[in-house]
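A quick write-up on the structure given underneath.
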Amino acid sequence: MKKKLAGIINISISNILSIKRSLEHIGFNVIIIDQYQDIDKLDLLVLPGVGTFKEAMKKLIENNLLKLIEKAIQKNKKVLGLCLGMQILFEEGEEFGLTKGIGFFKGKVENFNKYKVEANTLIGWNNVRFNNKNKLLEQHALVANKFTNNFFYFVHSYFVKTEDENIEIANSTNGEVVYSSIVKKDNVLAFQFHPEKSGENGIIVLKNELINL
Amino acid sequence: MIKRIIARLDIKNNFLVKGMHLEGLRILGYPEFFAKKYFEENIDEIIFQDVVASLYKRNQLSLLTNKISKNVFVPITVGGGIRNINDIKEVLVNGADRVSINTAAISDKKFIKESVKLFGSSTIIITIEALKIGENYKVFTDSGRTETNIDIFEWIKEVQDIGVGEIILTSINKEGTGKGFDIELYEKASKICKISLLAHGGTRKYEDVHNLFVNTEVNGAIIASSFHFNYYKELLKKKEISLKGSTSFLVNKNFNNMFFFGIGDLKKYLKSKNISIR
């Protein structure tokens, strides 16, 4: 069987090697995308996430990659956002000044430090609760989960809570803040956590969600 | 937040080594075998520490990290010989998620500030080596070889003001001895430390880890010998190729009196004591 092809957007020195390795592990061929290019051959486009909202948007615009992402969404390609890569899919971020995001999902990315939280910067394993109110969930591959626990690995100081329950697959908690940890609409799926660093759970979720595109 | 169980692999010339009080290193085998095994046993995180890097001013861990990231999908921290922005970039590009810095933090605070700004606070960890002299805890560097006259608790405050995301606090007195964690040190440190704090040095039995989590507010325990020797024993039985180096020290009768445990067993024990663990 021909391997599927994933492209990872590269906008900084962020650690994209582990994302590449995890996708290879579940059976993808992976290319790195540094600038605008033809995406017809791609089965999956990945927006990785380390850095700041402002810097990421700036680089995406500079390198003409924002256009590429919008095109992928239009063409109904599968798009996966990870951590900051999930946040920039929302409308607006306030990290180092208000910045306009891609705006595919409704909601605003906020700083934890405005709220009573356990940690201003969350580093570690946090519980992911699947949203039972969400009808989408019933058809969702995640339902067939094989997790022994619901812990995934998070690193973030900013969060987003979408008001649109239809897109929220799962949420997580930091002190008084409940935030979206998995969102999905059409062919765009995004995780606030790092599946490539979430042990066996991360590999399961990637396999379930991506391999049967 | 749940408590983290972290394996530390000390590396010298590409081999996994283990000593006592950060000294007297013995070769145990190829680190990639140990790392893969720990991943399969549900470890929360792995730290690779080049134990002689800062002494010889070099960094050899990038290749190893690159190799390991092929089948280890938990966060990886790399430390030892990180002295400038390029050193950090190199290990991150090769699959590390975070770096830990000790010696350079003390000689060059500007470097730490700059790296926090560039890579974000969650990427930068400061390792602090503490030696108890009389009633005081002093900061050491170069894997316990060089004494500074800095007080541990003052240094913790200073480091967290710089904005780093996490501190690893190693007790040199306890490291590799299996005498249990220095509860007094971690209790005091976790009270003044507002950022995440990890304890390293002295685990021998499950109860040591339990005591640490019950009596202090540290966020995680870093364990080396107990995991390494447990796996080493398994490998000895199977005569695995991942073994390398001298095994004679394991043949003497002390070996059987030592207490080793696997990651799964430790986690099961902690869960049974209602410690919040993955």
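Naming scheme: A, B, ... for chains in displayed order of the structure tokens; residues 1 onward per chain; ligands 1 onward as shown.
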
**OP:** Can you check which residues of chain B have any atom within 8 Å of chain A? Use only C-alpha atoms and format it as a PyMOL selection string.
**Re:** chain B and resi 1-2+4+39+42+44+69-75+89+92-97+119-120+122+165+278

**OP:** Write out as a ChimeraX atom specification each polymer residue whose atoms come within 6 Å of Phe193 (chain A), counting only C-alpha atoms; drop sequence neighbours fewer than 2 positions from it.
**Re:** /A:83,153-154,191

Subject >> Backbone DSSP call of helix (DSSP H, G or I) for region 157-229 of chain B, listed as number ranges by chain >> reply: B: 157-162, 183-192, 206-215, 225-229

**OP:** Might you pull out every residue within 7 Å of Gln160 (chain B), with only C-alpha atoms counted and same-chain residues fewer than 4 positions away left off, and present them as a count of residues only?
**Re:** 3

Subject >> Nearby residues (only C-alpha atoms) at most 9 Å from Tyr269 (chain B), same-chain spacing under 5 positions excluded, as a PyMOL selection string >> reply: chain B and resi 206-207+210+264+274-275

Since we have the selection now, will you write its residues out, keeping C-alpha atoms, as a CSV table (one decimal), in the first residue's frame?
```
chain,number,residue,atom,x,y,z
B,206,TYR,CA,8.9,2.9,46.7
B,207,GLU,CA,8.4,4.5,50.1
B,210,HIS,CA,5.9,8.3,48.5
B,264,GLY,CA,5.3,0.1,36.3
B,274,ASN,CA,-3.6,7.7,46.4
B,275,ILE,CA,-0.8,9.7,44.9
```

Mind checking which residues fall within 9 Å of region 176-193 of chain B, counting only C-alpha atoms, ignoring those fewer than 5 positions away in the same chain, and posting them as a PDB file with C-alpha atoms, in the first residue's frame?
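As a result, part10.pdb now contains:
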```
ATOM      1  CA  LYS B  18      25.908   5.420  36.857  1.00  0.00           C
ATOM      2  CA  GLY B  19      27.946   6.430  39.824  1.00  0.00           C
ATOM      3  CA  MET B  20      27.512   7.588  43.373  1.00  0.00           C
ATOM      4  CA  HIS B  21      27.550  11.206  44.610  1.00  0.00           C
ATOM      5  CA  LEU B  22      27.808  12.044  40.869  1.00  0.00           C
ATOM      6  CA  GLU B  23      31.185  10.226  40.783  1.00  0.00           C
ATOM      7  CA  ALA B 130      23.234  20.941  46.328  1.00  0.00           C
ATOM      8  CA  TYR B 137      23.269  23.850  51.493  1.00  0.00           C
ATOM      9  CA  ILE B 152      20.911  27.044  47.506  1.00  0.00           C
ATOM     10  CA  PHE B 153      17.757  28.872  48.536  1.00  0.00           C
ATOM     11  CA  ILE B 156      16.474  29.163  43.670  1.00  0.00           C
ATOM     12  CA  LYS B 157      14.867  32.583  44.183  1.00  0.00           C
ATOM     13  CA  GLN B 160      12.894  31.742  39.235  1.00  0.00           C
ATOM     14  CA  ILE B 167      14.250  23.626  38.504  1.00  0.00           C
ATOM     15  CA  LEU B 169      17.401  20.077  42.485  1.00  0.00           C
ATOM     16  CA  SER B 171      21.178  16.347  46.413  1.00  0.00           C
ATOM     17  CA  LEU B 198      11.920  18.250  40.495  1.00  0.00           C
ATOM     18  CA  ALA B 199      13.808  16.205  43.084  1.00  0.00           C
ATOM     19  CA  HIS B 200      16.796  14.045  42.199  1.00  0.00           C
ATOM     20  CA  GLY B 201      19.005  11.840  44.305  1.00  0.00           C
ATOM     21  CA  GLY B 202      18.642   8.988  46.757  1.00  0.00           C
ATOM     22  CA  THR B 203      15.735   6.728  45.788  1.00  0.00           C
ATOM     23  CA  ARG B 204      16.023   3.166  46.979  1.00  0.00           C
ATOM     24  CA  LYS B 205      12.500   1.992  47.579  1.00  0.00           C
ATOM     25  CA  GLU B 207       8.431   4.497  50.122  1.00  0.00           C
ATOM     26  CA  ASP B 208      11.146   7.074  49.386  1.00  0.00           C
ATOM     27  CA  VAL B 209       9.145   8.412  46.461  1.00  0.00           C
ATOM     28  CA  ASN B 211       7.533  10.188  51.339  1.00  0.00           C
ATOM     29  CA  LEU B 212       8.792  12.810  48.944  1.00  0.00           C
ATOM     30  CA  ASN B 215       5.996  15.589  52.709  1.00  0.00           C
ATOM     31  CA  THR B 216       7.036  18.147  50.114  1.00  0.00           C
ATOM     32  CA  GLU B 217       5.421  20.011  47.274  1.00  0.00           C
ATOM     33  CA  VAL B 218       7.824  18.940  44.541  1.00  0.00           C
ATOM     34  CA  ASN B 219       6.270  18.218  41.143  1.00  0.00           C
ATOM     35  CA  ALA B 224      18.216   6.690  37.898  1.00  0.00           C
ATOM     36  CA  SER B 225      19.869   3.721  39.683  1.00  0.00           C
ATOM     37  CA  SER B 226      16.675   1.922  40.722  1.00  0.00           C
ATOM     38  CA  MET B 258      20.116  -3.996  46.584  1.00  0.00           C
ATOM     39  CA  PHE B 259      16.590  -2.924  45.864  1.00  0.00           C
TER      40      PHE B 259
END
```

**OP:** Might you pull out every residue within 9 Å of region 76-78 of chain A, with only C-alpha atoms counted and same-chain residues fewer than 2 positions away left off, and present them as a ChimeraX atom specification?
**Re:** /A:40,42-46,71-74,80,186-189,210,213

Create the file for the chosen residues now, containing N, CA and C atoms and written as a CSV table (one decimal), in the first residue's frame.
```csv
chain,number,residue,atom,x,y,z
A,40,ASP,N,-1.2,19.6,-3.7
A,40,ASP,CA,-2.1,18.6,-4.2
A,40,ASP,C,-1.7,17.2,-3.8
A,42,LEU,N,-0.4,16.3,-1.0
A,42,LEU,CA,-0.5,16.1,0.5
A,42,LEU,C,-1.8,15.4,0.9
A,43,ASP,N,-1.7,14.5,1.8
A,43,ASP,CA,-2.9,14.0,2.5
A,43,ASP,C,-3.2,14.7,3.8
A,44,LEU,N,-2.2,15.2,4.4
A,44,LEU,CA,-2.3,15.9,5.7
A,44,LEU,C,-1.4,17.0,5.8
A,45,LEU,N,-1.9,18.1,6.3
A,45,LEU,CA,-1.0,19.3,6.6
A,45,LEU,C,-1.0,19.5,8.1
A,46,VAL,N,0.2,19.6,8.7
A,46,VAL,CA,0.3,19.8,10.1
A,46,VAL,C,0.9,21.2,10.5
A,71,LYS,N,-5.7,27.5,1.7
A,71,LYS,CA,-5.9,26.6,0.5
A,71,LYS,C,-6.2,25.2,0.9
A,72,ALA,N,-5.4,24.7,1.8
A,72,ALA,CA,-5.6,23.3,2.3
A,72,ALA,C,-6.9,23.1,2.9
A,73,ILE,N,-7.4,24.1,3.6
A,73,ILE,CA,-8.7,24.0,4.3
A,73,ILE,C,-9.8,24.1,3.2
A,74,GLN,N,-9.6,25.0,2.3
A,74,GLN,CA,-10.6,25.1,1.1
A,74,GLN,C,-10.7,23.8,0.4
A,80,LEU,N,-4.1,19.3,10.7
A,80,LEU,CA,-3.9,19.0,12.1
A,80,LEU,C,-3.1,20.2,12.8
A,186,ASP,N,-15.2,20.1,10.3
A,186,ASP,CA,-14.9,19.6,9.0
A,186,ASP,C,-13.7,18.7,9.0
A,187,ASN,N,-12.7,19.1,8.2
A,187,ASN,CA,-11.5,18.3,8.1
A,187,ASN,C,-10.4,18.8,9.0
A,188,VAL,N,-10.7,19.8,9.8
A,188,VAL,CA,-9.6,20.4,10.6
A,188,VAL,C,-9.7,19.9,12.1
A,189,LEU,N,-8.7,19.3,12.5
A,189,LEU,CA,-8.6,18.8,13.9
A,189,LEU,C,-7.5,19.4,14.6
A,210,LEU,N,-5.7,9.9,12.1
A,210,LEU,CA,-5.0,10.3,10.9
A,210,LEU,C,-4.8,9.2,9.9
A,213,LEU,N,-7.6,8.5,7.0
A,213,LEU,CA,-8.1,9.8,6.5
A,213,LEU,C,-9.3,9.6,5.5
```

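When CA of Ile222 (chain B) is paired with CA of Ile47 (chain B), their separation reads 8.6 Å.
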
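A straight line drawn from CA of Tyr36 (chain A) to CA of Thr99 (chain A) is 21.9 Å long.
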
Original post:
Expressed in Å to a single decimal, how great is the separation between CA of Thr146 (chain B) and CA of Ile101 (chain B)?
Top reply: 15.0 Å

Subject >> All strand (DSSP E) positions in region 78-108 of chain A, as a VMD selection string >> reply: chain A and resid 78 to 82 92 to 93 99 to 100 108

With C-alpha atoms retained, write the just-selected residues as a PDB file, in the first residue's frame.
```pdb
ATOM      1  CA  LYS A  78      -6.983  17.067   6.459  1.00  0.00           C
ATOM      2  CA  VAL A  79      -5.370  19.726   8.654  1.00  0.00           C
ATOM      3  CA  LEU A  80      -3.917  19.038  12.088  1.00  0.00           C
ATOM      4  CA  GLY A  81      -3.076  21.851  14.524  1.00  0.00           C
ATOM      5  CA  LEU A  82      -0.886  21.143  17.536  1.00  0.00           C
ATOM      6  CA  GLU A  92      -7.449  36.213  17.889  1.00  0.00           C
ATOM      7  CA  GLY A  93      -4.529  35.893  20.298  1.00  0.00           C
ATOM      8  CA  THR A  99      -2.919  39.458  16.894  1.00  0.00           C
ATOM      9  CA  LYS A 100      -5.406  38.245  14.337  1.00  0.00           C
ATOM     10  CA  LYS A 108     -10.018  34.076  21.480  1.00  0.00           C
TER      11      LYS A 108
END
```

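Each of A:Tyr158, A:Tyr115, A:Gly49, A:Asp34 was checked against Asn64 (chain A) using only C-alpha atoms; the smallest atom-to-atom distance is that of A:Asp34.
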